[in-house]
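See below for query07.cif, which holds mmCIF, C-alpha atoms and all ligand atoms.
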```cif
data_input
loop_
_atom_site.label_atom_id
_atom_site.label_comp_id
_atom_site.auth_asym_id
_atom_site.auth_seq_id
_atom_site.Cartn_x
_atom_site.Cartn_y
_atom_site.Cartn_z
CA MET A 1 94.06 96.89 159.78
CA PRO A 2 90.45 97.22 158.60
CA PHE A 3 88.19 99.96 159.91
CA ASN A 4 85.72 99.03 162.61
CA THR A 5 82.96 101.65 162.87
CA GLU A 6 79.21 101.37 163.31
CA LEU A 7 78.90 101.98 159.56
CA THR A 8 81.35 99.28 158.45
CA ARG A 9 79.85 96.80 160.91
CA ARG A 10 76.20 97.41 160.15
CA LEU A 11 76.56 97.73 156.36
CA GLY A 12 79.18 95.04 155.94
CA ILE A 13 81.69 97.25 154.12
CA ARG A 14 85.48 97.55 154.56
CA VAL A 15 86.00 101.31 154.25
CA PRO A 16 83.56 103.77 155.90
CA VAL A 17 82.98 105.71 152.67
CA VAL A 18 79.59 106.08 150.99
CA GLN A 19 78.98 107.32 147.45
CA GLY A 20 75.90 109.54 147.81
CA GLY A 21 72.99 109.44 145.38
CA MET A 22 73.66 111.55 142.28
CA GLN A 23 71.06 112.35 139.67
CA TRP A 24 72.29 111.32 136.17
CA VAL A 25 75.53 109.94 137.66
CA GLY A 26 74.49 107.20 140.09
CA TYR A 27 74.20 104.29 137.64
CA ALA A 28 75.24 100.66 138.20
CA VAL A 29 78.67 101.13 136.63
CA LEU A 30 79.67 103.68 139.30
CA ALA A 31 77.85 102.16 142.29
CA SER A 32 79.31 98.70 141.64
CA ALA A 33 82.83 100.12 141.25
CA VAL A 34 82.57 101.86 144.64
CA SER A 35 81.23 98.71 146.29
CA ASN A 36 83.93 96.57 144.66
CA ALA A 37 86.50 99.00 146.05
CA GLY A 38 85.23 98.41 149.61
CA GLY A 39 82.91 101.43 150.06
CA LEU A 40 79.14 101.61 149.67
CA GLY A 41 77.96 102.40 146.14
CA ILE A 42 74.47 103.86 145.72
CA LEU A 43 72.15 103.80 142.70
CA THR A 44 69.98 106.88 142.23
CA ALA A 45 66.37 105.74 141.87
CA LEU A 46 65.05 108.78 140.00
CA THR A 47 67.79 108.57 137.39
CA GLN A 48 65.75 105.62 136.17
CA PRO A 49 62.65 106.78 134.22
CA THR A 50 60.35 104.15 135.76
CA PRO A 51 60.38 101.80 138.77
CA GLU A 52 60.83 98.84 136.38
CA ASP A 53 63.97 100.49 134.98
CA LEU A 54 65.24 100.71 138.55
CA ARG A 55 64.67 96.97 138.88
CA SER A 56 66.87 96.35 135.82
CA GLU A 57 69.56 98.69 137.13
CA ILE A 58 69.58 96.92 140.52
CA ARG A 59 69.99 93.58 138.74
CA LYS A 60 72.76 95.00 136.60
CA CYS A 61 74.55 96.33 139.68
CA ARG A 62 74.21 92.95 141.38
CA SER A 63 75.79 91.27 138.35
CA LEU A 64 78.77 93.66 138.66
CA THR A 65 79.49 93.32 142.39
CA PRO A 66 79.07 90.66 145.08
CA ASN A 67 79.30 93.42 147.72
CA PRO A 68 76.49 95.42 149.38
CA PHE A 69 75.17 98.50 147.56
CA GLY A 70 72.24 100.84 148.22
CA VAL A 71 69.61 102.93 146.44
CA ASN A 72 68.95 106.66 146.90
CA ILE A 73 65.35 107.89 146.94
CA THR A 74 65.13 111.69 146.86
CA LEU A 75 61.75 113.26 147.58
CA LEU A 76 61.62 116.75 146.08
CA PRO A 77 58.65 119.12 145.86
CA SER A 78 57.08 118.73 142.45
CA LEU A 79 53.74 119.42 140.76
CA ASN A 80 53.89 115.91 139.33
CA PRO A 81 55.78 113.84 141.91
CA PRO A 82 57.19 110.48 140.83
CA ASP A 83 55.60 107.39 142.38
CA TYR A 84 58.05 107.14 145.30
CA THR A 85 56.18 104.21 146.82
CA ALA A 86 56.60 102.22 143.62
CA TYR A 87 60.37 102.91 143.59
CA ALA A 88 60.56 101.86 147.28
CA ASN A 89 58.60 98.67 146.56
CA ILE A 90 61.04 97.72 143.80
CA CYS A 91 63.90 98.10 146.32
CA ILE A 92 62.08 95.75 148.70
CA GLU A 93 61.22 93.22 146.00
CA GLU A 94 64.81 93.19 144.75
CA GLY A 95 66.21 92.61 148.24
CA ILE A 96 67.95 95.98 148.66
CA LYS A 97 69.11 96.22 152.28
CA ILE A 98 70.21 99.88 152.42
CA VAL A 99 68.31 102.94 151.17
CA GLU A 100 69.56 106.51 151.33
CA THR A 101 66.58 108.87 151.68
CA ALA A 102 66.72 112.63 151.18
CA GLY A 103 64.33 115.53 150.76
CA ASN A 104 60.87 116.49 151.99
CA SER A 105 58.28 114.47 153.89
CA PRO A 106 60.10 111.14 153.72
CA GLY A 107 57.93 109.62 156.50
CA PRO A 108 55.71 107.23 154.52
CA VAL A 109 58.57 105.94 152.34
CA ILE A 110 60.81 105.43 155.38
CA GLN A 111 58.00 103.61 157.20
CA LEU A 112 57.39 101.27 154.26
CA LEU A 113 61.09 100.46 153.93
CA LYS A 114 61.61 100.03 157.68
CA ASP A 115 58.61 97.68 157.88
CA ASN A 116 60.45 95.52 155.36
CA GLY A 117 63.74 95.44 157.22
CA VAL A 118 65.63 97.98 155.10
CA THR A 119 68.40 100.01 156.80
CA ILE A 120 67.77 103.75 156.31
CA LEU A 121 70.52 106.30 155.89
CA HIS A 122 68.75 109.67 155.89
CA LYS A 123 70.48 112.79 154.59
CA CYS A 124 69.72 116.23 156.02
CA THR A 125 71.28 119.67 156.37
CA THR A 126 70.03 120.72 159.83
CA ILE A 127 69.95 119.19 163.31
CA ARG A 128 66.20 119.97 163.48
CA HIS A 129 65.55 117.83 160.39
CA ALA A 130 67.88 115.15 161.75
CA GLN A 131 65.86 115.02 164.97
CA SER A 132 62.61 114.62 163.00
CA ALA A 133 64.20 111.78 161.06
CA VAL A 134 65.29 110.10 164.31
CA LYS A 135 61.61 110.05 165.33
CA LEU A 136 60.86 108.23 162.06
CA GLY A 137 63.26 105.49 163.16
CA VAL A 138 66.13 106.00 160.69
CA ASP A 139 69.23 103.89 161.34
CA PHE A 140 71.90 106.42 160.30
CA LEU A 141 71.92 110.12 159.53
CA SER A 142 74.04 111.63 156.81
CA ILE A 143 74.81 115.18 157.92
CA ASP A 144 75.24 117.38 154.85
CA GLY A 145 77.20 120.58 155.61
CA PHE A 146 76.91 123.88 153.73
CA GLU A 147 80.01 122.92 151.67
CA CYS A 148 78.07 120.16 149.97
CA ALA A 149 76.95 119.84 146.36
CA GLY A 150 73.28 120.35 145.58
CA HIS A 151 70.59 121.22 148.12
CA VAL A 152 72.41 122.97 150.95
CA GLY A 153 69.30 124.08 152.88
CA GLU A 154 68.77 127.61 154.16
CA SER A 155 70.81 127.79 157.36
CA ASP A 156 74.36 127.83 155.93
CA ILE A 157 76.07 125.88 158.71
CA THR A 158 79.34 124.25 157.71
CA ASN A 159 80.42 120.82 158.87
CA PHE A 160 82.77 121.97 161.64
CA ILE A 161 79.74 123.11 163.62
CA LEU A 162 77.14 120.74 162.23
CA LEU A 163 79.05 117.53 162.96
CA SER A 164 79.82 118.49 166.53
CA ARG A 165 76.19 119.48 167.02
CA ALA A 166 75.26 116.05 165.67
CA ARG A 167 77.68 114.37 168.09
CA GLN A 168 76.32 116.38 171.01
CA SER A 169 72.63 116.01 170.31
CA LEU A 170 71.79 112.95 168.19
CA LYS A 171 71.25 109.51 169.63
CA VAL A 172 71.54 107.85 166.22
CA PRO A 173 74.91 107.22 164.52
CA PHE A 174 75.78 109.64 161.74
CA ILE A 175 78.15 110.05 158.83
CA ALA A 176 79.65 113.30 157.57
CA SER A 177 78.72 114.56 154.12
CA GLY A 178 79.92 117.54 152.11
CA GLY A 179 83.48 118.64 151.51
CA PHE A 180 85.23 115.25 151.72
CA ALA A 181 87.77 114.02 149.17
CA ASP A 182 90.61 112.32 151.02
CA GLY A 183 91.67 110.21 153.98
CA GLN A 184 92.63 113.20 156.09
CA GLY A 185 89.02 114.31 155.75
CA LEU A 186 87.81 110.86 156.79
CA ALA A 187 90.11 110.89 159.85
CA ALA A 188 88.82 114.36 160.80
CA ALA A 189 85.20 113.23 160.46
CA LEU A 190 85.88 110.21 162.68
CA ALA A 191 87.53 112.49 165.25
CA LEU A 192 84.42 114.68 165.28
CA GLY A 193 82.25 111.66 166.07
CA ALA A 194 81.07 110.49 162.65
CA GLU A 195 81.05 106.78 161.71
CA GLY A 196 82.22 107.49 158.16
CA ILE A 197 81.85 109.91 155.27
CA ASN A 198 79.60 110.43 152.26
CA MET A 199 81.06 111.85 149.04
CA GLY A 200 79.36 113.02 145.87
CA THR A 201 81.55 115.36 143.81
CA ARG A 202 84.75 113.34 144.44
CA PHE A 203 83.13 110.21 142.97
CA MET A 204 81.93 112.21 139.93
CA CYS A 205 85.57 112.65 139.11
CA THR A 206 86.50 108.97 138.80
CA ILE A 207 87.11 106.84 135.71
CA GLU A 208 83.86 104.89 136.27
CA ALA A 209 81.58 107.93 136.68
CA PRO A 210 79.43 107.77 133.53
CA ILE A 211 79.85 111.43 132.51
CA HIS A 212 81.86 113.20 129.80
CA HIS A 213 85.60 113.49 130.48
CA ASN A 214 85.51 117.30 129.89
CA ILE A 215 83.35 117.68 132.98
CA LYS A 216 85.79 115.68 135.09
CA GLN A 217 88.59 117.87 133.69
CA ALA A 218 86.60 121.02 134.56
CA ILE A 219 86.41 119.78 138.16
CA VAL A 220 90.16 119.05 138.25
CA GLU A 221 90.91 122.58 137.01
CA ALA A 222 88.45 124.31 139.35
CA GLN A 223 89.12 126.04 142.68
CA GLU A 224 86.99 125.86 145.82
CA THR A 225 85.63 129.30 144.87
CA ASP A 226 84.12 128.02 141.60
CA THR A 227 80.67 127.05 142.88
CA GLU A 228 77.57 129.23 142.95
CA LEU A 229 74.51 129.28 145.20
CA VAL A 230 71.27 129.80 143.31
CA LEU A 231 67.51 129.73 144.06
CA ARG A 232 67.78 131.25 147.54
CA ARG A 233 64.95 133.61 146.64
CA TRP A 234 62.68 130.56 146.42
CA ARG A 235 64.10 128.92 149.57
CA ASN A 236 65.49 126.08 147.52
CA THR A 237 69.17 127.03 147.73
CA THR A 238 71.33 124.84 145.55
CA ARG A 239 75.10 124.70 145.10
CA LEU A 240 76.14 124.32 141.46
CA PHE A 241 79.31 124.50 139.39
CA LYS A 242 79.74 128.21 138.53
CA ASN A 243 79.33 128.76 134.80
CA LYS A 244 77.66 131.06 132.26
CA VAL A 245 74.20 129.73 133.08
CA THR A 246 74.52 130.15 136.87
CA ASP A 247 75.68 133.75 136.19
CA GLU A 248 72.44 134.30 134.24
CA VAL A 249 70.36 132.70 136.99
CA ARG A 250 71.96 135.02 139.55
CA GLU A 251 71.20 138.07 137.39
CA VAL A 252 67.53 137.14 137.08
CA GLU A 253 67.30 136.24 140.75
CA LYS A 254 68.75 139.62 141.81
CA GLY A 255 67.10 141.77 139.17
CA SER A 256 63.59 140.41 138.81
CA GLN A 257 60.83 142.61 140.24
CA GLU A 258 58.25 139.88 140.55
CA GLY A 259 60.54 137.01 141.48
CA LYS A 260 58.53 134.38 139.67
CA PHE A 261 60.21 130.98 139.54
CA GLU A 262 59.08 130.67 135.91
CA GLU A 263 61.70 133.31 135.03
CA VAL A 264 64.60 131.04 135.99
CA ALA A 265 62.96 127.67 135.32
CA PRO A 266 64.26 127.31 131.72
CA LEU A 267 67.79 128.11 132.89
CA VAL A 268 67.86 125.58 135.74
CA SER A 269 66.12 122.85 133.73
CA GLY A 270 67.27 119.38 134.67
CA LYS A 271 67.16 118.40 131.01
CA ARG A 272 69.86 120.92 130.05
CA GLY A 273 71.91 119.91 133.08
CA ARG A 274 71.74 116.27 132.10
CA GLU A 275 72.93 117.14 128.59
CA VAL A 276 76.12 118.69 130.07
CA PHE A 277 77.19 115.24 131.25
CA VAL A 278 76.67 113.84 127.76
CA ASN A 279 78.06 116.59 125.50
CA GLY A 280 80.86 117.71 127.85
CA ASP A 281 80.08 121.44 127.45
CA LYS A 282 80.30 122.79 131.00
CA ASP A 283 78.35 125.94 130.04
CA PHE A 284 75.40 124.16 128.38
CA GLY A 285 73.25 124.06 131.52
CA VAL A 286 73.46 123.95 135.31
CA TRP A 287 75.11 121.03 137.07
CA THR A 288 75.76 120.14 140.66
CA ALA A 289 79.17 120.28 142.37
CA GLY A 290 80.45 121.06 145.88
CA GLN A 291 83.23 123.33 147.20
CA VAL A 292 85.36 120.19 147.43
CA ILE A 293 86.21 120.72 143.73
CA GLY A 294 89.17 122.71 145.10
CA LEU A 295 90.59 119.50 146.63
CA ILE A 296 90.21 117.29 143.53
CA HIS A 297 93.29 117.07 141.32
CA ASP A 298 92.96 113.79 139.42
CA VAL A 299 90.60 111.25 137.85
CA PRO A 300 91.42 107.90 139.51
CA THR A 301 89.52 104.61 139.39
CA CYS A 302 87.21 104.02 142.37
CA GLU A 303 89.57 101.26 143.47
CA GLU A 304 92.51 103.71 143.54
CA LEU A 305 90.46 106.41 145.24
CA VAL A 306 88.91 104.31 148.00
CA GLY A 307 92.24 102.51 148.63
CA ARG A 308 94.03 105.83 148.86
CA ILE A 309 91.45 107.26 151.28
CA GLU A 310 91.77 104.13 153.43
CA ARG A 311 95.59 104.42 153.56
CA GLU A 312 95.62 108.19 154.15
CA ALA A 313 93.06 107.97 156.94
CA MET A 314 94.97 105.16 158.69
CA GLU A 315 98.21 107.17 158.42
CA ALA A 316 96.55 110.36 159.64
CA LEU A 317 95.07 108.58 162.65
CA GLN A 318 98.41 106.92 163.45
CA ASN A 319 100.36 110.19 163.01
CA MET A 320 98.12 111.85 165.55
CA ARG A 321 99.62 109.56 168.17
CA SER A 322 102.92 111.41 167.77
CA LEU A 323 101.22 114.61 168.88
CA TRP A 324 101.37 113.65 172.53
CA ARG A 325 104.24 112.24 174.62
CA GLU A 326 103.78 108.71 175.92
CA ASP A 327 106.39 109.37 178.69
CA SER A 328 104.43 112.14 180.33
CA PRO A 329 101.19 110.85 181.83
CA SER A 330 100.74 114.00 183.90
CA LYS A 331 101.14 116.31 180.88
CA GLY A 332 97.74 117.86 181.50
CA MET A 333 98.75 118.72 185.07
CA ALA A 334 102.15 120.02 183.97
CA ARG A 335 100.47 122.32 181.49
CA ALA A 336 97.94 123.43 184.09
CA SER A 337 100.71 124.35 186.57
CA LYS A 338 102.38 126.54 183.93
CA LEU A 339 99.26 128.65 183.48
C1 LIG A 401 76.02 115.61 140.32
C2 LIG A 401 75.36 115.43 141.66
C3 LIG A 401 74.04 115.04 141.74
C4 LIG A 401 73.44 114.86 142.99
N1 LIG A 401 72.14 114.39 143.04
C5 LIG A 401 71.60 114.09 144.26
C6 LIG A 401 70.33 113.47 144.33
O1 LIG A 401 69.66 113.23 143.32
N2 LIG A 401 69.84 113.15 145.56
C7 LIG A 401 70.55 113.39 146.70
O2 LIG A 401 70.09 113.06 147.80
N3 LIG A 401 71.77 113.99 146.66
C8 LIG A 401 72.30 114.31 145.46
N4 LIG A 401 73.56 114.86 145.41
C9 LIG A 401 74.30 115.12 146.70
C10 LIG A 401 75.25 113.97 147.06
O3 LIG A 401 74.57 112.78 147.31
C11 LIG A 401 76.05 114.32 148.33
O4 LIG A 401 75.17 114.53 149.42
C12 LIG A 401 76.90 115.56 148.15
O5 LIG A 401 77.51 115.52 146.89
C13 LIG A 401 77.94 115.66 149.25
O6 LIG A 401 78.76 116.75 149.03
P1 LIG A 401 80.16 116.67 148.23
O7 LIG A 401 79.82 116.81 146.80
O8 LIG A 401 80.96 117.80 148.78
O9 LIG A 401 80.78 115.33 148.52
C14 LIG A 401 74.17 115.10 144.18
C15 LIG A 401 75.51 115.50 144.08
C16 LIG A 401 76.11 115.67 142.85
C17 LIG A 401 77.55 116.08 142.80
#
```
Let me see the structure of the file written as structure tokens.
Amino acid sequence: MPFNTELTRRLGIRVPVVQGGMQWVGYAVLASAVSNAGGLGILTALTQPTPEDLRSEIRKCRSLTPNPFGVNITLLPSLNPPDYTAYANICIEEGIKIVETAGNSPGPVIQLLKDNGVTILHKCTTIRHAQSAVKLGVDFLSIDGFECAGHVGESDITNFILLSRARQSLKVPFIASGGFADGQGLAAALALGAEGINMGTRFMCTIEAPIHHNIKQAIVEAQETDTELVLRRWRNTTRLFKNKVTDEVREVEKGSQEGKFEEVAPLVSGKRGREVFVNGDKDFGVWTAGQVIGLIHDVPTCEELVGRIEREAMEALQNMRSLWREDSPSKGMARASKL
């Protein structure tokens, strides 16, 4: 029986699983594989050096899947910000119907996309930010708990609290992001009120993820304790795979008298991180991963992974029915009288 949630209905997908934007990972080969498997694949706009390159990548993705896919636009503070409007305009021109936004001051980009009929899935790590995004008119929120890979925010609230807060206080449908790898996780997210899940790290560890196999193997061998939080001193806390470079970053961050970002900048350089995915040396630079690495034990195809999540979630939801007795309608009262 296919899923029937606000996410599957509105996005036209079979399984309520989204592959979140991933810098240097979210290319057409991965996004199309996720969409072909029944989830929502997402291209990462800034992985493309120019807006015109994004246009080519969108066309490539479209040639690889007949199913819906989206584009992630991440707005990060930068001295030389990319031309976000140009990337958004390419999405509109190419007929992209779903954009995942993330990061700071997304208002103008969201407005432009909304004016052109694009569905917005906005990712945030606090209820306060989610409420601001609701005012901007976003269609879905993607609630990213403290477990997640990458920018975790500064309030350190894990998904057990964050998702229920979202259910209690948001009037816009939301999906759960951070810490998901299997169908039991999807079933739990649905029980907490989410319309689906978003996964990053789990999709990095699939056959189609365009990164070196050694990195996938490093994830398979890792435990949930093998991530590191860095850059808290600069209020830009980021969860990364723990390695020799994150150890160095932590040393500088703790030990530095002046606390100038320039002291860690060469260590956290995106260029070195990108190289890790190409040369397969997990200690060459910093790279993003979530605590969910402790739940990842194989490197399946996206088809196998999404199919497995679908089956496991269905089974988990059905098994829950055996947790109460159909023959005892007054169970609640019986229990109350025992107390
Ligand atoms: C390698 C990698 C790169 C990422 N890059 C981005 C990015 O550029 N923009 C963004 O919004 N999120 C990015 N993320 C976060 C994911 O979209 C997603 O929110 C997160 O991975 C969810 O947590 P999980 O890894 O536990 O599933 C990245 C995640 C990973 C693993």
Mind dumping a table of every chain A residue within 6 Å of ligand LIG 401 (chain A), with the nearest atom pair and its distance in Å to one decimal, using only C-alpha atoms and all ligand atoms, sorted by chain and rising number, as a Markdown table?
```
| residue | atom | partner | partner_atom | distance |
| --- | --- | --- | --- | --- |
| A:Gly20 | CA | A:LIG401 | O3 | 3.5 |
| A:Gly21 | CA | A:LIG401 | O3 | 4.2 |
| A:Met22 | CA | A:LIG401 | N1 | 3.3 |
| A:Gln23 | CA | A:LIG401 | O1 | 4.0 |
| A:Thr74 | CA | A:LIG401 | N2 | 5.1 |
| A:Ala102 | CA | A:LIG401 | O2 | 4.8 |
| A:Glu147 | CA | A:LIG401 | O8 | 6.0 |
| A:Cys148 | CA | A:LIG401 | O6 | 3.6 |
| A:Ala149 | CA | A:LIG401 | O7 | 4.2 |
| A:Gly150 | CA | A:LIG401 | C9 | 5.4 |
| A:Ser177 | CA | A:LIG401 | C13 | 5.1 |
| A:Gly178 | CA | A:LIG401 | O6 | 3.4 |
| A:Gly179 | CA | A:LIG401 | O8 | 3.8 |
| A:Phe180 | CA | A:LIG401 | O9 | 5.5 |
| A:Met199 | CA | A:LIG401 | O9 | 3.5 |
| A:Gly200 | CA | A:LIG401 | O5 | 3.3 |
| A:Thr201 | CA | A:LIG401 | O7 | 3.7 |
| A:Thr288 | CA | A:LIG401 | C1 | 4.6 |
| A:Ala289 | CA | A:LIG401 | C17 | 4.5 |
| A:Gly290 | CA | A:LIG401 | O8 | 4.4 |
| A:Val292 | CA | A:LIG401 | O8 | 5.2 |
```
Can you tell me which residues surround A:Ala88 at a distance of at most 12 Å, considering all atoms listed in the file, apart from same-chain residues fewer than 6 positions away, and format the answer as a ChimeraX atom specification? /A:44-46,50-52,54-55,70-75,82,94-101,106,108-116,118,120
From (67.9, 127.2, 130.1), in the file's coordinates, out to 12 Å: which residues are reached, counting all atoms listed in the file? Answer as a PyMOL selection string. chain A and resi 244-249+262-276+283-287
Considering all atoms listed in the file, state which residue in the set A:Val306, A:Ile161, A:Ile296, A:Ala181 is at the smallest distance from A:Val15. A:Val306
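Take atom CA of A:Gly103 and atom CA of A:Thr126: the distance between them is 11.9 Å.
One distance worth recording is that between atom CA of A:Ile197 and atom CA of A:Leu136, which is 22.1 Å.
When atom CA of A:Asp226 is paired with atom CA of A:His129, their separation reads 28.3 Å.
Nearest to A:Thr5 of all the residues A:Phe174, A:Phe160, A:Trp234, A:Phe277 is A:Phe174, counting only C-alpha atoms.
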Saving stretch 144-164 of chain A with N, CA and C atoms, as a tab-separated table (two decimals), in the first residue's frame, what would that file be?
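So out13.tsv came out as:
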```
chain	number	residue	atom	x	y	z
A	144	ASP	N	15.59	20.22	11.29
A	144	ASP	CA	16.91	19.58	11.36
A	144	ASP	C	17.39	19.51	12.81
A	145	GLY	N	17.32	18.32	13.41
A	145	GLY	CA	17.72	18.16	14.82
A	145	GLY	C	19.23	18.21	15.00
A	146	PHE	N	19.63	18.29	16.27
A	146	PHE	CA	21.05	18.42	16.63
A	146	PHE	C	21.89	17.23	16.16
A	147	GLU	N	21.22	16.09	15.87
A	147	GLU	CA	21.95	14.90	15.40
A	147	GLU	C	22.53	15.11	14.00
A	148	CYS	N	21.99	16.09	13.30
A	148	CYS	CA	22.18	16.17	11.84
A	148	CYS	C	23.62	16.45	11.43
A	149	ALA	N	23.89	16.20	10.17
A	149	ALA	CA	25.19	16.52	9.58
A	149	ALA	C	25.22	18.01	9.24
A	150	GLY	N	26.36	18.62	9.38
A	150	GLY	CA	26.54	20.00	8.92
A	150	GLY	C	26.14	21.03	9.97
A	151	HIS	N	25.45	22.08	9.52
A	151	HIS	CA	25.14	23.22	10.41
A	151	HIS	C	24.03	22.85	11.38
A	152	VAL	N	24.41	22.64	12.64
A	152	VAL	CA	23.44	22.17	13.63
A	152	VAL	C	22.79	23.32	14.38
A	153	GLY	N	23.23	24.57	14.16
A	153	GLY	CA	22.72	25.70	14.93
A	153	GLY	C	23.39	25.76	16.29
A	154	GLU	N	22.86	26.61	17.17
A	154	GLU	CA	23.53	26.84	18.46
A	154	GLU	C	22.69	26.42	19.65
A	155	SER	N	21.52	25.79	19.40
A	155	SER	CA	20.69	25.49	20.58
A	155	SER	C	20.67	24.02	20.98
A	156	ASP	N	21.27	23.15	20.19
A	156	ASP	CA	21.52	21.76	20.59
A	156	ASP	C	20.27	20.99	21.03
A	157	ILE	N	19.19	21.15	20.30
A	157	ILE	CA	17.96	20.43	20.64
A	157	ILE	C	17.80	19.25	19.67
A	158	THR	N	17.69	18.05	20.24
A	158	THR	CA	17.59	16.87	19.38
A	158	THR	C	16.15	16.69	18.90
A	159	ASN	N	16.00	15.78	17.94
A	159	ASN	CA	14.71	15.68	17.25
A	159	ASN	C	13.53	15.23	18.11
A	160	PHE	N	13.83	14.48	19.21
A	160	PHE	CA	12.69	14.05	20.04
A	160	PHE	C	11.91	15.24	20.58
A	161	ILE	N	12.62	16.30	20.92
A	161	ILE	CA	11.95	17.50	21.41
A	161	ILE	C	11.50	18.38	20.23
A	162	LEU	N	12.44	18.55	19.30
A	162	LEU	CA	12.19	19.52	18.21
A	162	LEU	C	10.96	19.14	17.37
A	163	LEU	N	10.82	17.85	17.07
A	163	LEU	CA	9.69	17.45	16.21
A	163	LEU	C	8.36	17.62	16.93
A	164	SER	N	8.34	17.31	18.22
A	164	SER	CA	7.08	17.50	18.94
A	164	SER	C	6.78	18.97	19.10
```
